[in-house]
Amino acid sequence: MTWKDFPRPLVCLAPMDGITNTAYRRIVRGLSKRTLLFSEFTSVDGLLRSERLRERMDYHPSEHPFFMQLFGNDPQAFAEVSKMVEDRGILGVDINMGCPSKKIVNSQHGSALMKDMDGACRIIESIRNACNLEVSVKTRLGWGNADNLIPFAKSLEAAGTSLVTIHGRTYRQAFKGNANWEPIYELKRNLSIPVVGNGDVQNYSDGIKKTKNLDGFMIGRSAIGNPWVFCNPSERASPSLAERVETAIRHYELLRKFQTEHRALREFRKYLGEYIQGFRHAKEQRKQLMTCEREEDFLYHMREIASWTISDSELAVAN
Ligand SMILES: Cc1cc2nc3c(=O)[nH]c(=O)nc-3n(C[C@H](O)[C@H](O)[C@H](O)COP(=O)(O)O)c2cc1C
């Protein structure tokens with residue numbers, strides 16, 4: 001099945017640097033077969049230079065279909081990297097045209113491409129000419145306002161983009177204020193390709209409410225440490241505490257397959273708070289887990305929490 005056959009609305013995991021690596025994508029896929037996955041962004045220049053970075057292209061077959069997100073501004077580099085992505089059997093590439101970070105924008109990458117419509121289109125055309133991959137774009141409402149959103153997206157469509165995702169904030173807003181979906185609904189009325197909305201979606205039900213005339217919604221921050229946000233609550237009950245801690249342990253173990261103990265323990269802290277939210281003595285447990293320097297201690301504490309939650313639920317049944 002390709003993403004085009006996916007039921008609508010499309011439900012998407014947002015690309016998030018340091019978060020949506022293969023381990024987390026597998027966790028989300030394990031809970032939701034229909035979620036369209038996006039990798040964290042990776043520099044095309046870096047991918048051409050570094051064999052180590054190319055490990056980011058490794059994935060598990062269960063992740064299909066997913067988009068590998070790329071950033072850069074050299075059309076030729078995008079073409080070369082896209083061929084590598086295609087050779088690895090990945091569905092498509094998603095081009096980052098929305099990152100507001102100074103370092104990225106100063107190199108004319110990410111959000112800077114919103115100010116360079118011709119350059120942005122050359123990237124799409126170059127990928128289209130080099131391979132048969134699906135090309136998707138993730139961008140924002142615009143630089144300071146949404147005035148240029150429709151012409152910009154129409155040019156991307158004409159250049160061969162097959163899906164656009166719009167984060168309902170401008171470059172200037174970065175992450176401030178509330179996401180504004182109104183210009184995204186208006187954009188959809190002007191495009192033929194699928195349009196996905198992004199920004200402040202809390203969970204599946206909230207996404208359905210916000211989707212309106214769009215083709216789907218994308219969830220970022222609310223999904224960190226909460227991979228159940230993609231599940232339709234009428235098809236899947238919210239997870240028990242035991243399921244949450246078991247999933248967290250499995251997630252950690254997947255992360256550990258490609259990271260050192262030291263790095264995996266640190267990286268996992270980003271997800272941990274959310275995974276163990278609502279647990280008995282969560283505050284003290286979190287403090288202890290967040291400072292674990294040894295995997296052995298970390299797993300011991302996690303399993304301890306799991307055993308408490310099991311006895312809690314047994315207690316509930318007995319009562
Ligand atoms: C930690 C973090 C990392 C992010 N990394 C990326 C990235 O690599 N590529 C990208 O297009 N957006 C990135 N984003 C932005 C998200 O994809 C998304 O557009 C944004 O968080 C708004 O959606 P949300 O309100 O559901 O979080 C990142 C956001 C966060 C919080």
# chains A, B, ... in the order shown; residues from 1 in each chain; ligands from 1
>>> select_by_dssp(residues="stretch 7-186 of chain A", states="strand (DSSP E)", output="JSON, numbers by chain")
{"A": [10, 11, 12, 13, 35, 36, 37, 38, 42, 43, 66, 67, 68, 69, 70, 71, 92, 93, 94, 95, 96, 97, 134, 135, 136, 137, 138, 139, 140, 163, 164, 165, 166, 167]}
>>> residues_around(residues="stretch 161-173 of chain A", least_positions_apart="2", cutoff="8 Å", atoms="only C-alpha atoms", output="PyMOL selection string")
chain A and resi 98-100+111+124+134-146+153+156-159+175-181+183-184+193-199+218
>>> write_last_selection(atoms="C-alpha atoms", output="compact mmCIF listing (two decimals), in the first residue's frame")
# COMPACT_ATOMS: atom_id res chain seq x y z
CA GLY A 98 9.94 25.63 7.25
CA CYS A 99 12.70 25.31 9.83
CA PRO A 100 13.13 28.75 11.48
CA SER A 111 12.37 28.67 5.95
CA ILE A 124 11.66 19.81 -6.68
CA GLU A 134 7.25 10.98 -4.26
CA VAL A 135 8.27 14.53 -3.33
CA SER A 136 6.54 16.20 -0.45
CA VAL A 137 7.18 19.66 1.04
CA LYS A 138 6.72 20.83 4.60
CA THR A 139 6.56 24.57 5.02
CA ARG A 140 4.93 27.39 7.01
CA LEU A 141 2.29 30.04 6.31
CA GLY A 142 4.97 32.40 5.07
CA TRP A 143 7.76 34.67 6.25
CA GLY A 144 5.89 37.39 8.18
CA ASN A 145 2.30 36.69 7.04
CA ALA A 146 0.39 34.25 4.82
CA ALA A 153 2.41 26.38 -2.96
CA LEU A 156 5.62 23.90 -5.82
CA GLU A 157 2.68 21.94 -7.18
CA ALA A 158 3.52 22.92 -10.77
CA ALA A 159 7.14 21.85 -10.18
CA PHE A 175 6.71 28.49 17.85
CA LYS A 176 4.97 31.49 19.44
CA GLY A 177 1.22 32.09 19.54
CA ASN A 178 -1.44 29.67 18.32
CA ALA A 179 -1.28 27.94 14.95
CA ASN A 180 -3.68 29.51 12.45
CA TRP A 181 -5.33 26.93 10.17
CA PRO A 183 -4.98 30.11 5.48
CA ILE A 184 -4.39 26.34 5.13
CA ILE A 193 -2.52 17.93 -4.54
CA PRO A 194 -3.20 16.73 -0.97
CA VAL A 195 -2.73 19.33 1.77
CA VAL A 196 -1.99 18.33 5.37
CA GLY A 197 -2.44 20.78 8.27
CA ASN A 198 -0.04 20.98 11.20
CA GLY A 199 0.19 22.96 14.41
CA MET A 218 0.14 16.03 11.35
>>> residues_around(residues="A:Asn213", least_positions_apart="4", cutoff="9 Å", atoms="only C-alpha atoms", output="PyMOL selection string")
chain A and resi 185+188-189
>>> write_last_selection(atoms="N, CA and C atoms", output="PDB file, in the first residue's frame")
ATOM      1  N   TYR A 185      -6.838  26.129   5.079  1.00  0.00           N
ATOM      2  CA  TYR A 185      -8.110  25.730   4.441  1.00  0.00           C
ATOM      3  C   TYR A 185      -8.270  26.472   3.108  1.00  0.00           C
ATOM      4  N   LYS A 188      -6.070  24.955   0.390  1.00  0.00           N
ATOM      5  CA  LYS A 188      -6.607  23.692  -0.159  1.00  0.00           C
ATOM      6  C   LYS A 188      -7.608  23.979  -1.285  1.00  0.00           C
ATOM      7  N   ARG A 189      -8.353  25.059  -1.154  1.00  0.00           N
ATOM      8  CA  ARG A 189      -9.323  25.399  -2.202  1.00  0.00           C
ATOM      9  C   ARG A 189      -8.630  25.799  -3.504  1.00  0.00           C
TER      10      ARG A 189
END
>>> atom_distance(atom1="atom CA of A:Phe230", atom2="atom CA of A:Lys210")
14.2 Å
>>> closest_residue(among="A:Val11, A:Asp5, A:Gly278, A:Asn232", to="A:Thr211", atoms="only C-alpha atoms")
A:Val11
>>> atom_distance(atom1="atom CA of A:Leu36", atom2="atom CA of A:Phe66")
5.9 Å
>>> closest_residue(among="A:Pro15, A:Pro65, A:Gly92, A:Gly225", to="ligand 1", atoms="only C-alpha atoms and all ligand atoms")
A:Pro15
>>> closest_residue(among="A:Gly30, A:Gly89, A:Gly207, A:Gly119", to="ligand 1", atoms="only C-alpha atoms and all ligand atoms")
A:Gly207
>>> select_by_dssp(residues="stretch 184-317 of chain A", states="alpha helix (DSSP H)", output="short mmCIF file (atom, residue, chain, number, x, y, z; two decimals) with C-alpha atoms, in the first residue's frame")
data_model
loop_
_atom_site.label_atom_id
_atom_site.label_comp_id
_atom_site.auth_asym_id
_atom_site.auth_seq_id
_atom_site.Cartn_x
_atom_site.Cartn_y
_atom_site.Cartn_z
CA ILE A 184 -4.39 26.34 5.13
CA TYR A 185 -8.11 25.73 4.44
CA GLU A 186 -7.98 28.55 1.88
CA LEU A 187 -4.87 27.05 0.28
CA LYS A 188 -6.61 23.69 -0.16
CA TYR A 204 -6.49 12.04 16.86
CA SER A 205 -9.90 13.51 17.77
CA ASP A 206 -8.54 17.04 17.79
CA GLY A 207 -6.91 16.38 14.40
CA ILE A 208 -10.22 15.20 12.94
CA LYS A 209 -11.89 18.40 14.16
CA LYS A 210 -9.18 20.60 12.66
CA THR A 211 -8.92 18.79 9.31
CA LEU A 241 -0.04 2.53 32.90
CA ALA A 242 1.50 -0.93 32.45
CA GLU A 243 1.26 -0.64 28.65
CA ARG A 244 2.90 2.76 28.77
CA VAL A 245 5.88 1.60 30.73
CA GLU A 246 6.25 -1.59 28.64
CA THR A 247 6.17 0.50 25.45
CA ALA A 248 8.74 2.89 26.92
CA ILE A 249 11.08 -0.03 27.68
CA ARG A 250 10.65 -1.40 24.16
CA HIS A 251 11.31 2.06 22.74
CA TYR A 252 14.48 2.41 24.79
CA GLU A 253 15.66 -1.02 23.62
CA LEU A 254 15.11 -0.05 19.97
CA LEU A 255 17.02 3.19 20.48
CA ARG A 256 19.83 1.24 22.04
CA GLU A 261 24.38 3.34 26.32
CA HIS A 262 25.41 6.88 27.30
CA ARG A 263 23.71 8.52 24.32
CA ALA A 264 20.57 6.37 24.45
CA LEU A 265 20.01 7.14 28.15
CA ARG A 266 20.30 10.87 27.46
CA GLU A 267 18.15 10.82 24.33
CA PHE A 268 15.46 8.83 26.02
CA ARG A 269 14.99 11.58 28.61
CA LYS A 270 13.15 13.59 25.93
CA TYR A 271 10.34 11.03 25.87
CA LEU A 272 10.42 9.78 29.41
CA GLY A 273 8.46 12.53 31.19
CA GLU A 274 5.44 11.94 29.00
CA TYR A 275 5.63 8.14 29.10
CA ALA A 282 5.93 9.86 39.13
CA LYS A 283 7.80 12.97 40.22
CA GLU A 284 10.36 11.10 42.32
CA GLN A 285 10.62 8.31 39.75
CA ARG A 286 11.19 10.79 36.95
CA LYS A 287 13.97 12.49 38.86
CA GLN A 288 15.66 9.18 39.49
CA LEU A 289 15.23 7.97 35.88
CA MET A 290 16.34 11.27 34.39
CA GLU A 295 21.34 1.23 31.68
CA GLU A 296 21.12 -1.45 34.33
CA ASP A 297 19.77 1.09 36.86
CA PHE A 298 17.44 2.66 34.31
CA LEU A 299 15.86 -0.67 33.35
CA TYR A 300 15.67 -1.74 36.99
CA HIS A 301 13.66 1.39 37.90
CA MET A 302 11.45 1.09 34.84
CA ARG A 303 10.63 -2.54 35.63
CA GLU A 304 9.96 -1.56 39.21
CA ILE A 305 7.39 0.97 38.02
CA ALA A 306 5.87 -1.68 35.75
CA SER A 307 5.52 -4.09 38.68
CA TRP A 308 3.78 -1.41 40.77
CA THR A 309 1.35 -0.62 38.01
CA ILE A 310 0.51 -4.29 37.66
CA SER A 311 -0.13 -4.63 41.37
CA ASP A 312 -2.17 -1.40 41.25
CA SER A 313 -4.42 -2.83 38.56
CA GLU A 314 -4.66 -6.17 40.37
CA LEU A 315 -5.67 -4.23 43.43
CA ALA A 316 -8.34 -2.42 41.42
CA VAL A 317 -9.76 -5.78 40.22
#
>>> closest_residue(among="A:Ala223, A:Phe41, A:Met68, A:Lys83", to="A:Met97", atoms="only C-alpha atoms")
A:Phe41
>>> residues_around(residues="A:Met57", least_positions_apart="6", cutoff="10 Å", atoms="only C-alpha atoms", output="PyMOL selection string")
chain A and resi 21-22+39+42+47+68+84-85+88-90
>>> write_last_selection(atoms="N, CA and C atoms", output="compact mmCIF listing (two decimals), in the first residue's frame")
# COMPACT_ATOMS: atom_id res chain seq x y z
N ASN A 21 13.41 9.30 14.86
CA ASN A 21 14.38 8.37 14.27
C ASN A 21 13.70 7.01 14.10
N THR A 22 14.45 6.04 13.56
CA THR A 22 13.82 4.74 13.25
C THR A 22 13.19 4.08 14.48
N SER A 39 10.67 11.17 8.77
CA SER A 39 11.91 11.10 9.56
C SER A 39 12.28 12.49 10.04
N THR A 42 17.49 15.84 7.76
CA THR A 42 18.91 15.56 7.63
C THR A 42 19.45 16.37 6.46
N LEU A 47 24.72 14.27 4.12
CA LEU A 47 24.51 12.89 3.67
C LEU A 47 25.49 12.51 2.56
N MET A 68 11.48 10.43 4.02
CA MET A 68 12.73 10.87 4.64
C MET A 68 12.81 12.38 4.44
N MET A 84 19.79 7.99 -3.65
CA MET A 84 20.18 7.06 -2.58
C MET A 84 18.95 6.62 -1.79
N VAL A 85 18.06 7.57 -1.55
CA VAL A 85 16.84 7.27 -0.78
C VAL A 85 16.00 6.24 -1.57
N ARG A 88 17.26 2.74 -1.48
CA ARG A 88 16.99 2.06 -0.21
C ARG A 88 15.52 1.67 -0.06
N GLY A 89 14.72 1.98 -1.06
CA GLY A 89 13.32 1.51 -1.05
C GLY A 89 12.39 2.37 -0.20
N ILE A 90 12.83 3.59 0.12
CA ILE A 90 11.96 4.48 0.91
C ILE A 90 10.95 5.14 -0.03
